[in-house]
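Q: Coordinates in entry29.json, JSON, C-alpha atoms and all ligand atoms, are listed below.
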```
[["chain", "number", "residue", "atom", "x", "y", "z"],
["D", 215, "MET", "CA", 100.88, 68.38, 104.17],
["D", 216, "ARG", "CA", 104.14, 69.76, 105.63],
["D", 217, "SER", "CA", 103.05, 73.24, 106.49],
["D", 218, "GLU", "CA", 106.45, 74.19, 107.99],
["D", 219, "ARG", "CA", 108.47, 73.73, 104.81],
["D", 220, "PRO", "CA", 106.57, 72.07, 101.97],
["D", 221, "ALA", "CA", 108.79, 70.01, 99.70],
["D", 222, "ILE", "CA", 109.55, 71.69, 96.38],
["D", 223, "ASP", "CA", 111.26, 69.76, 93.59],
["D", 224, "ALA", "CA", 112.94, 71.20, 90.52],
["D", 225, "LEU", "CA", 111.71, 69.60, 87.28],
["D", 226, "TRP", "CA", 113.54, 71.80, 84.77],
["D", 227, "PRO", "CA", 116.20, 72.83, 83.77],
["D", 228, "SER", "CA", 118.11, 70.92, 86.50],
["D", 229, "PRO", "CA", 115.99, 68.23, 88.20],
["D", 230, "ALA", "CA", 116.48, 68.04, 91.97],
["D", 231, "SER", "CA", 114.42, 66.89, 94.95],
["D", 232, "ASP", "CA", 113.35, 68.76, 98.05],
["D", 233, "LEU", "CA", 115.14, 72.04, 97.42],
["D", 234, "ASP", "CA", 116.35, 73.96, 100.43],
["D", 235, "ASP", "CA", 115.85, 77.73, 100.55],
["D", 236, "VAL", "CA", 119.33, 78.37, 99.17],
["D", 237, "ALA", "CA", 118.53, 76.29, 96.08],
["D", 238, "VAL", "CA", 115.10, 77.86, 95.61],
["D", 239, "ILE", "CA", 116.61, 81.34, 95.81],
["D", 240, "ALA", "CA", 119.42, 80.41, 93.42],
["D", 241, "GLY", "CA", 116.85, 79.36, 90.82],
["D", 242, "TYR", "CA", 115.03, 82.68, 91.08],
["D", 243, "GLU", "CA", 118.23, 84.74, 91.06],
["D", 244, "ASP", "CA", 119.60, 83.15, 87.91],
["D", 245, "GLY", "CA", 120.01, 85.80, 85.20],
["D", 246, "VAL", "CA", 118.57, 88.62, 87.33],
["D", 247, "SER", "CA", 120.23, 92.00, 86.91],
["D", 248, "ASP", "CA", 120.64, 94.91, 89.30],
["D", 249, "ALA", "CA", 117.49, 96.59, 87.97],
["D", 250, "TRP", "CA", 114.73, 94.03, 87.56],
["D", 251, "VAL", "CA", 110.92, 93.91, 87.57],
["D", 252, "ARG", "CA", 109.54, 90.59, 88.76],
["D", 253, "VAL", "CA", 105.81, 89.92, 88.91],
["D", 254, "ASN", "CA", 104.29, 87.11, 90.96],
["D", 255, "PHE", "CA", 100.83, 85.58, 90.58],
["D", 256, "VAL", "CA", 98.89, 82.45, 91.40],
["D", 257, "SER", "CA", 96.25, 81.14, 89.02],
["D", 258, "SER", "CA", 93.89, 78.20, 88.73],
["D", 259, "ILE", "CA", 94.52, 75.73, 85.88],
["D", 260, "ASP", "CA", 91.78, 77.47, 83.88],
["D", 261, "GLY", "CA", 93.31, 80.90, 84.38],
["D", 262, "SER", "CA", 91.34, 82.42, 87.24],
["D", 263, "ALA", "CA", 93.34, 84.76, 89.47],
["D", 264, "THR", "CA", 90.76, 84.58, 92.23],
["D", 265, "GLN", "CA", 88.70, 82.16, 94.26],
["D", 266, "ALA", "CA", 85.72, 83.78, 95.95],
["D", 267, "GLY", "CA", 87.14, 87.18, 95.03],
["D", 268, "ARG", "CA", 90.62, 86.75, 96.49],
["D", 269, "SER", "CA", 93.84, 84.96, 95.64],
["D", 270, "GLY", "CA", 94.25, 83.24, 99.01],
["D", 271, "GLY", "CA", 92.17, 80.15, 98.20],
["D", 272, "LEU", "CA", 94.38, 79.39, 95.21],
["D", 273, "SER", "CA", 97.58, 79.52, 97.22],
["D", 274, "ASP", "CA", 99.03, 76.50, 99.03],
["D", 275, "ALA", "CA", 102.01, 76.09, 101.36],
["D", 276, "ALA", "CA", 104.50, 75.81, 98.48],
["D", 277, "ASP", "CA", 103.21, 78.99, 96.87],
["D", 278, "LYS", "CA", 103.42, 80.76, 100.23],
["D", 279, "ARG", "CA", 106.98, 79.52, 100.70],
["D", 280, "VAL", "CA", 108.10, 80.89, 97.33],
["D", 281, "PHE", "CA", 106.04, 84.08, 97.85],
["D", 282, "ALA", "CA", 107.95, 84.73, 101.09],
["D", 283, "LEU", "CA", 111.33, 83.91, 99.56],
["D", 284, "LEU", "CA", 110.68, 86.25, 96.63],
["D", 285, "ARG", "CA", 110.04, 89.10, 99.08],
["D", 286, "ARG", "CA", 113.63, 88.65, 100.20],
["D", 287, "LEU", "CA", 114.93, 89.34, 96.71],
["D", 288, "CYS", "CA", 113.76, 92.90, 96.22],
["D", 289, "ASP", "CA", 114.16, 96.48, 97.30],
["D", 290, "VAL", "CA", 110.49, 97.29, 96.87],
["D", 291, "VAL", "CA", 107.22, 95.35, 96.85],
["D", 292, "LEU", "CA", 104.85, 96.98, 94.37],
["D", 293, "VAL", "CA", 101.10, 96.42, 94.71],
["D", 294, "GLY", "CA", 97.99, 97.90, 93.12],
["D", 295, "ALA", "CA", 95.46, 99.62, 95.33],
["D", 296, "GLY", "CA", 92.75, 97.11, 94.40],
["D", 297, "THR", "CA", 94.84, 94.29, 95.81],
["D", 298, "ILE", "CA", 95.62, 96.29, 98.93],
["D", 299, "ARG", "CA", 91.91, 96.96, 99.44],
["D", 300, "VAL", "CA", 90.80, 93.34, 98.86],
["D", 301, "GLU", "CA", 93.64, 91.29, 100.30],
["D", 302, "GLY", "CA", 94.06, 93.25, 103.57],
["D", 303, "TYR", "CA", 97.80, 93.81, 103.40],
["D", 304, "GLY", "CA", 98.39, 95.41, 106.82],
["D", 305, "GLY", "CA", 101.90, 96.50, 107.75],
["D", 306, "MET", "CA", 104.12, 94.54, 105.36],
["D", 307, "ARG", "CA", 107.08, 92.98, 107.17],
["D", 308, "VAL", "CA", 109.32, 90.05, 106.27],
["D", 309, "ASP", "CA", 110.02, 87.53, 109.05],
["D", 310, "PRO", "CA", 113.22, 87.67, 111.15],
["D", 311, "GLU", "CA", 114.92, 84.92, 109.13],
["D", 312, "SER", "CA", 114.25, 86.81, 105.91],
["D", 313, "GLU", "CA", 115.38, 90.04, 107.51],
["D", 314, "ALA", "CA", 118.69, 88.42, 108.53],
["D", 315, "TRP", "CA", 119.09, 86.97, 105.04],
["D", 316, "ARG", "CA", 118.45, 90.37, 103.46],
["D", 317, "LYS", "CA", 121.00, 92.11, 105.68],
["D", 318, "ALA", "CA", 123.61, 89.45, 104.86],
["D", 319, "ASN", "CA", 122.93, 89.80, 101.14],
["D", 320, "GLY", "CA", 123.12, 93.55, 100.68],
["D", 321, "PHE", "CA", 119.42, 94.42, 100.93],
["D", 322, "ALA", "CA", 117.79, 96.77, 103.42],
["D", 323, "PRO", "CA", 116.39, 94.81, 106.39],
["D", 324, "GLN", "CA", 112.82, 95.32, 105.18],
["D", 325, "PRO", "CA", 111.58, 95.97, 101.65],
["D", 326, "THR", "CA", 109.66, 99.18, 101.02],
["D", 327, "LEU", "CA", 105.99, 98.85, 100.08],
["D", 328, "ALA", "CA", 104.93, 100.94, 97.07],
["D", 329, "ILE", "CA", 101.21, 101.15, 96.32],
["D", 330, "VAL", "CA", 99.83, 102.24, 92.96],
["D", 331, "SER", "CA", 96.61, 104.23, 93.24],
["D", 332, "GLY", "CA", 95.72, 106.46, 90.32],
["D", 333, "ALA", "CA", 93.08, 108.20, 92.44],
["D", 334, "ALA", "CA", 95.15, 108.21, 95.67],
["D", 335, "ASP", "CA", 92.18, 106.33, 97.11],
["D", 336, "LEU", "CA", 93.82, 104.87, 100.21],
["D", 337, "ASP", "CA", 93.09, 105.30, 103.91],
["D", 338, "PRO", "CA", 96.04, 107.04, 105.59],
["D", 339, "GLY", "CA", 94.93, 105.55, 108.90],
["D", 340, "SER", "CA", 95.12, 101.94, 107.73],
["D", 341, "ASP", "CA", 97.68, 99.46, 109.06],
["D", 342, "VAL", "CA", 99.38, 99.45, 105.65],
["D", 343, "PHE", "CA", 100.73, 102.85, 106.63],
["D", 344, "THR", "CA", 100.61, 102.98, 110.41],
["D", 345, "GLN", "CA", 102.23, 99.56, 110.96],
["D", 346, "ALA", "CA", 104.78, 99.76, 108.14],
["D", 347, "PRO", "CA", 108.40, 99.17, 109.20],
["D", 348, "VAL", "CA", 109.57, 101.44, 106.36],
["D", 349, "ARG", "CA", 107.73, 104.56, 105.19],
["D", 350, "PRO", "CA", 105.64, 103.37, 102.21],
["D", 351, "ILE", "CA", 105.44, 105.00, 98.82],
["D", 352, "VAL", "CA", 102.23, 105.88, 96.97],
["D", 353, "LEU", "CA", 102.56, 106.10, 93.20],
["D", 354, "THR", "CA", 99.70, 108.17, 91.89],
["D", 355, "THR", "CA", 98.66, 110.49, 89.07],
["D", 356, "ALA", "CA", 98.22, 114.19, 88.45],
["D", 357, "ALA", "CA", 94.49, 113.53, 88.20],
["D", 358, "ALA", "CA", 94.16, 112.46, 91.85],
["D", 359, "SER", "CA", 92.66, 115.02, 94.21],
["D", 360, "GLU", "CA", 95.19, 117.28, 95.95],
["D", 361, "GLU", "CA", 93.33, 116.74, 99.22],
["D", 362, "ARG", "CA", 93.84, 112.98, 99.09],
["D", 363, "LYS", "CA", 97.45, 113.35, 98.07],
["D", 364, "SER", "CA", 98.23, 115.69, 100.95],
["D", 365, "ALA", "CA", 96.48, 113.40, 103.43],
["D", 366, "LEU", "CA", 98.63, 110.51, 102.25],
["D", 367, "GLU", "CA", 101.77, 112.63, 102.41],
["D", 368, "GLN", "CA", 101.44, 112.49, 106.21],
["D", 369, "VAL", "CA", 102.17, 108.75, 106.15],
["D", 370, "ALA", "CA", 103.91, 108.01, 102.84],
["D", 371, "ASP", "CA", 106.07, 109.45, 100.09],
["D", 372, "VAL", "CA", 103.58, 110.39, 97.39],
["D", 373, "ILE", "CA", 104.96, 110.46, 93.85],
["D", 374, "VAL", "CA", 103.04, 111.53, 90.75],
["D", 375, "CYS", "CA", 103.87, 109.26, 87.81],
["D", 376, "GLY", "CA", 101.48, 109.95, 84.97],
["D", 377, "GLU", "CA", 98.56, 112.21, 84.14],
["D", 378, "ALA", "CA", 95.45, 110.02, 84.35],
["D", 379, "SER", "CA", 97.03, 106.61, 84.77],
["D", 380, "LEU", "CA", 100.37, 105.22, 85.89],
["D", 381, "ASP", "CA", 103.33, 105.68, 83.58],
["D", 382, "THR", "CA", 105.36, 102.60, 84.54],
["D", 383, "THR", "CA", 108.65, 103.93, 83.20],
["D", 384, "ALA", "CA", 108.27, 107.11, 85.25],
["D", 385, "ALA", "CA", 107.37, 104.98, 88.26],
["D", 386, "LEU", "CA", 110.38, 102.70, 87.87],
["D", 387, "ASN", "CA", 112.65, 105.73, 87.43],
["D", 388, "ALA", "CA", 111.24, 107.35, 90.56],
["D", 389, "LEU", "CA", 111.83, 104.16, 92.53],
["D", 390, "ALA", "CA", 115.36, 103.81, 91.12],
["D", 391, "ASP", "CA", 116.09, 107.41, 92.17],
["D", 392, "ARG", "CA", 115.45, 106.20, 95.73],
["D", 393, "GLY", "CA", 117.77, 103.21, 95.28],
["D", 394, "LEU", "CA", 114.84, 100.83, 94.75],
["D", 395, "ARG", "CA", 115.83, 98.98, 91.59],
["D", 396, "ARG", "CA", 114.84, 95.41, 92.38],
["D", 397, "VAL", "CA", 111.06, 95.56, 92.03],
["D", 398, "HIS", "CA", 108.78, 92.74, 93.12],
["D", 399, "CYS", "CA", 105.20, 93.25, 91.96],
["D", 400, "GLU", "CA", 102.49, 91.21, 93.70],
["D", 401, "GLY", "CA", 99.69, 92.32, 91.38],
["D", 402, "GLY", "CA", 96.96, 92.76, 90.82],
["D", 403, "PRO", "CA", 95.68, 92.20, 87.29],
["D", 404, "HIS", "CA", 95.07, 95.87, 86.44],
["D", 405, "LEU", "CA", 98.57, 96.86, 87.50],
["D", 406, "PHE", "CA", 100.13, 93.89, 85.74],
["D", 407, "GLY", "CA", 98.16, 94.80, 82.61],
["D", 408, "THR", "CA", 99.82, 98.21, 82.63],
["D", 409, "PHE", "CA", 103.31, 96.70, 82.90],
["D", 410, "VAL", "CA", 102.54, 94.28, 80.08],
["D", 411, "ALA", "CA", 101.07, 97.01, 77.86],
["D", 412, "GLU", "CA", 104.14, 99.18, 78.43],
["D", 413, "ARG", "CA", 106.50, 96.18, 78.23],
["D", 414, "THR", "CA", 108.26, 97.16, 81.41],
["D", 415, "LEU", "CA", 108.46, 93.77, 83.15],
["D", 416, "ASP", "CA", 111.37, 91.34, 83.18],
["D", 417, "GLU", "CA", 109.89, 88.24, 84.75],
["D", 418, "LEU", "CA", 106.65, 86.50, 85.65],
["D", 419, "CYS", "CA", 106.52, 83.91, 88.41],
["D", 420, "LEU", "CA", 103.28, 81.99, 88.05],
["D", 421, "THR", "CA", 102.01, 79.37, 90.43],
["D", 422, "VAL", "CA", 99.47, 77.06, 88.78],
["D", 423, "SER", "CA", 97.11, 75.86, 91.47],
["D", 424, "PRO", "CA", 95.64, 72.39, 90.84],
["D", 425, "VAL", "CA", 92.01, 73.46, 90.60],
["D", 426, "LEU", "CA", 89.50, 74.21, 87.85],
["D", 427, "GLU", "CA", 87.84, 77.34, 89.12],
["D", 428, "GLY", "CA", 85.27, 78.21, 86.44],
["D", 429, "GLY", "CA", 83.24, 81.33, 87.11],
["D", 430, "LEU", "CA", 84.10, 84.85, 86.07],
["D", 431, "GLY", "CA", 87.25, 85.52, 88.10],
["D", 432, "LYS", "CA", 89.76, 87.91, 86.57],
["D", 433, "ARG", "CA", 92.72, 86.56, 84.67],
["D", 434, "ILE", "CA", 96.14, 87.66, 85.87],
["D", 435, "ILE", "CA", 96.08, 90.48, 83.29],
["D", 436, "ASP", "CA", 93.24, 92.96, 83.18],
["D", 437, "GLY", "CA", 92.91, 95.89, 80.84],
["D", 438, "ALA", "CA", 95.92, 95.40, 78.57],
["D", 439, "PRO", "CA", 95.40, 95.72, 74.83],
["D", 440, "GLN", "CA", 95.74, 92.46, 72.95],
["D", 441, "LEU", "CA", 99.42, 92.06, 72.21],
["D", 442, "PRO", "CA", 101.81, 89.16, 72.06],
["D", 443, "LEU", "CA", 104.67, 89.59, 74.50],
["D", 444, "ASP", "CA", 106.92, 86.58, 74.20],
["D", 445, "MET", "CA", 108.24, 85.02, 77.37],
["D", 446, "ARG", "CA", 110.89, 82.34, 77.81],
["D", 447, "LEU", "CA", 110.48, 79.48, 80.27],
["D", 448, "ALA", "CA", 113.34, 79.73, 82.77],
["D", 449, "GLN", "CA", 112.37, 77.20, 85.42],
["D", 450, "VAL", "CA", 109.73, 74.67, 86.48],
["D", 451, "LEU", "CA", 109.30, 73.73, 90.13],
["D", 452, "ARG", "CA", 106.71, 71.34, 91.50],
["D", 453, "SER", "CA", 105.19, 70.66, 94.87],
["D", 454, "ASP", "CA", 102.64, 67.84, 94.90],
["D", 455, "ASP", "CA", 100.13, 68.89, 92.23],
["D", 456, "THR", "CA", 101.18, 72.54, 92.14],
["D", 457, "LEU", "CA", 103.50, 73.95, 89.46],
["D", 458, "LEU", "CA", 105.67, 76.99, 90.08],
["D", 459, "LEU", "CA", 106.70, 78.43, 86.74],
["D", 460, "ARG", "CA", 109.29, 81.10, 86.07],
["D", 461, "TYR", "CA", 109.19, 83.00, 82.79],
["D", 462, "VAL", "CA", 111.53, 85.80, 81.73],
["D", 463, "ARG", "CA", 111.11, 88.31, 78.92],
["D", 464, "GLU", "CA", 112.30, 87.10, 75.52],
["D", 465, "ARG", "CA", 114.56, 89.90, 74.30],
["D", 501, "LIG", "N1", 96.06, 85.59, 91.87],
["D", 501, "LIG", "C1", 96.92, 86.47, 92.31],
["D", 501, "LIG", "O1", 98.12, 86.17, 92.43],
["D", 501, "LIG", "C2", 96.45, 87.85, 92.63],
["D", 501, "LIG", "C3", 97.38, 88.84, 92.95],
["D", 501, "LIG", "C4", 96.91, 90.12, 93.26],
["D", 501, "LIG", "C5", 95.56, 90.39, 93.23],
["D", 501, "LIG", "N2", 94.69, 89.40, 92.93],
["D", 501, "LIG", "C6", 93.25, 89.68, 92.91],
["D", 501, "LIG", "O2", 92.98, 90.67, 91.96],
["D", 501, "LIG", "C7", 91.82, 91.39, 92.34],
["D", 501, "LIG", "C8", 92.09, 92.87, 92.25],
["D", 501, "LIG", "O3", 92.28, 93.16, 90.89],
["D", 501, "LIG", "P1", 92.66, 94.61, 90.41],
["D", 501, "LIG", "O4", 92.96, 94.52, 88.96],
["D", 501, "LIG", "O5", 91.62, 95.57, 90.88],
["D", 501, "LIG", "O6", 94.00, 94.84, 91.23],
["D", 501, "LIG", "P2", 95.09, 95.97, 91.27],
["D", 501, "LIG", "O7", 95.79, 96.11, 89.98],
["D", 501, "LIG", "O8", 95.90, 95.65, 92.46],
["D", 501, "LIG", "O9", 94.29, 97.30, 91.64],
["D", 501, "LIG", "C9", 93.67, 98.11, 90.71],
["D", 501, "LIG", "C10", 93.74, 99.51, 91.27],
["D", 501, "LIG", "O10", 95.12, 99.87, 91.43],
["D", 501, "LIG", "C11", 95.36, 101.14, 90.88],
["D", 501, "LIG", "N3", 96.01, 100.97, 89.61],
["D", 501, "LIG", "C12", 96.46, 99.80, 89.06],
["D", 501, "LIG", "N4", 97.04, 100.03, 87.87],
["D", 501, "LIG", "C13", 96.94, 101.36, 87.66],
["D", 501, "LIG", "C14", 97.32, 102.22, 86.60],
["D", 501, "LIG", "N5", 97.90, 101.74, 85.50],
["D", 501, "LIG", "N6", 97.06, 103.54, 86.72],
["D", 501, "LIG", "C15", 96.47, 104.05, 87.82],
["D", 501, "LIG", "N7", 96.05, 103.28, 88.86],
["D", 501, "LIG", "C16", 96.29, 101.95, 88.76],
["D", 501, "LIG", "C17", 93.98, 101.76, 90.73],
["D", 501, "LIG", "O11", 93.69, 102.25, 92.02],
["D", 501, "LIG", "P3", 92.65, 103.44, 92.35],
["D", 501, "LIG", "O12", 91.30, 102.85, 92.09],
["D", 501, "LIG", "O13", 92.89, 103.71, 93.80],
["D", 501, "LIG", "O14", 92.99, 104.57, 91.46],
["D", 501, "LIG", "C18", 93.13, 100.56, 90.37],
["D", 501, "LIG", "O15", 91.75, 100.73, 90.63],
["D", 501, "LIG", "C19", 91.48, 90.96, 93.74],
["D", 501, "LIG", "O16", 90.41, 90.07, 93.67],
["D", 501, "LIG", "C20", 92.74, 90.24, 94.20],
["D", 501, "LIG", "O17", 92.42, 89.24, 95.13],
["D", 501, "LIG", "C21", 95.10, 88.14, 92.60]]
```
Please lay out the structure from this file as structure tokens.
A:
Amino acid sequence: MRSERPAIDALWPSPASDLDDVAVIAGYEDGVSDAWVRVNFVSSIDGSATQAGRSGGLSDAADKRVFALLRRLCDVVLVGAGTIRVEGYGGMRVDPESEAWRKANGFAPQPTLAIVSGAADLDPGSDVFTQAPVRPIVLTTAAASEERKSALEQVADVIVCGEASLDTTAALNALADRGLRRVHCEGGPHLFGTFVAERTLDELCLTVSPVLEGGLGKRIIDGAPQLPLDMRLAQVLRSDDTLLLRYVRER
């Protein structure tokens, strides 16, 4: 296993071997507009979004490589509070190479982290806030306690977007008002379910990890009503036994 830079091949639409970062990025930038909501997940072959309660065990070096490159291509990384609580995000910071790439390509040096918590149930003293290179944003609801909201206002911009649950259109508008139009959502399933239900996503990047997980792990969507939302296959990458799929909204 080449942990430094795992080989990634393109299978479709334009087959190519051992893509460099420029080629990987070009594939993910194809067709993207100035305002864009991209969602990124990893799943087992049988559709589990977790292994032992977290996503980490499903991810390999190729998934991590693409995950890091996708963080370059956004103004804001959007994450649900459940994922923040479980995955231990800490102060989110892209590496120096990514920071240089972002500066050279018209992005702010570091993406902003926006956390969705309907209840504003986040610890203002956690590293997510205290170690953040850019003041984070908390997207919450009118139903959250005023006490929690004002505690979080000490360390983040707190924006109410919805009464009892997140209104994704209001959230995207609030982010756009701050110049944050390229949105990269890293989950989790509840948050993704809201975007799917409200049809406010543009793209899903899905890594299929070569494992049959079984068990009762969540799927990548949780809580959305049953609805078909057609997606178009835009790209297939492969690294060893792992597939990295890119789907965009069929419009
Ligand atoms: N496979 C992957 O790629 C991947 C990616 C991310 C996460 N995960 C896994 O997913 C699991 C967490 O799942 P999850 O569904 O709980 O994650 P989540 O969507 O990140 O978090 C759910 C929480 O986020 C807030 N939230 C999300 N959508 C909301 C909405 N529409 N309105 C108001 N609040 C909203 C709520 O926070 P409050 O409770 O604070 O109100 C809710 O309890 C973990 O096991 C994690 O490891 C997997």
Q: Which is closer to ligand LIG 501 (chain D) than all the others in D:Thr421, D:Gln345, D:Ser247, D:Gln449, using all atoms listed in the file?
A: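 For ligand LIG 501 (chain D), the nearest of the given residues is D:Thr421.
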Q: For D:Arg285, work out the shell of residues within 12 Å, counting all atoms listed in the file and skipping chain neighbours fewer than 5 positions away, then give it as an MDAnalysis selection string.
A: chainID D and resid 239 242 252:254 278:280 290:292 306:309 311:313 315:316 321:327 396:400
Q: Quick one: residues within 8 Å of D:Val425, all atoms listed in the file counted, chain neighbours fewer than 6 positions away excluded, as a short mmCIF file (atom, residue, chain, number, x, y, z; two decimals) with C-alpha atoms, in the coordinates of the input?
A:
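Resulting contents of out.cif:
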```
data_model
loop_
_atom_site.label_atom_id
_atom_site.label_comp_id
_atom_site.auth_asym_id
_atom_site.auth_seq_id
_atom_site.Cartn_x
_atom_site.Cartn_y
_atom_site.Cartn_z
CA SER D 258 93.89 78.20 88.73
CA ILE D 259 94.52 75.73 85.88
CA ASP D 260 91.78 77.47 83.88
CA LEU D 272 94.38 79.39 95.21
#
```
Q: Could you tell me how far atom CA of D:Ala346 sits from atom O4 of ligand LIG 501 (chain D), in Å to one decimal place?
A: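 Here the two named atoms are 23.1 Å from each other.
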Q: Go ahead and fit an axis-aligned box to every listed atom of ligand LIG 501 (chain D) plus 5 Å each side, and pass me the centre and edge lengths in Å, one decimal, as lines of an AutoDock Vina configuration file.
A:
```
center_x = 94.3
center_y = 95.1
center_z = 90.3
size_x = 17.7
size_y = 29.0
size_z = 19.6
```
Q: Compile the contact shell of stretch 363-368 of chain D as a list of chain:residue names: residues with an atom at most 8 Å away, counting only C-alpha atoms, same-chain residues fewer than 5 positions apart removed.
A: D:Ala334, D:Leu336, D:Asp337, D:Pro338, D:Val352, D:Ala358
Q: Please return, as an MDAnalysis selection string, all polymer residues that have at least one atom within 10 Å of the point (95.4, 94.8, 74.5); use all atoms listed in the file and the file's own coordinate frame.
A: chainID D and resid 407:408 410:411 435:442
Q: Take the residues from that selection and put them in a file with C-alpha atoms, as a tab-separated table (two decimals), keeping the file's coordinate frame.
A:
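File written: again_14.tsv
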```
chain	number	residue	atom	x	y	z
D	407	GLY	CA	98.16	94.80	82.61
D	408	THR	CA	99.82	98.21	82.63
D	410	VAL	CA	102.54	94.28	80.08
D	411	ALA	CA	101.07	97.01	77.86
D	435	ILE	CA	96.08	90.48	83.29
D	436	ASP	CA	93.24	92.96	83.18
D	437	GLY	CA	92.91	95.89	80.84
D	438	ALA	CA	95.92	95.40	78.57
D	439	PRO	CA	95.40	95.72	74.83
D	440	GLN	CA	95.74	92.46	72.95
D	441	LEU	CA	99.42	92.06	72.21
D	442	PRO	CA	101.81	89.16	72.06
```
Q: Using atom CA of D:Ser379 and atom CA of D:Leu284 as the two end points, give the distance in Å to one decimal.
A: 27.2 Å
Q: When you draw a straight line from atom CA of D:Glu218 to atom CA of D:Val238, how long is it in Å?
A: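 Computing the Euclidean distance for atom CA of D:Glu218 and atom CA of D:Val238 yields 15.5 Å.
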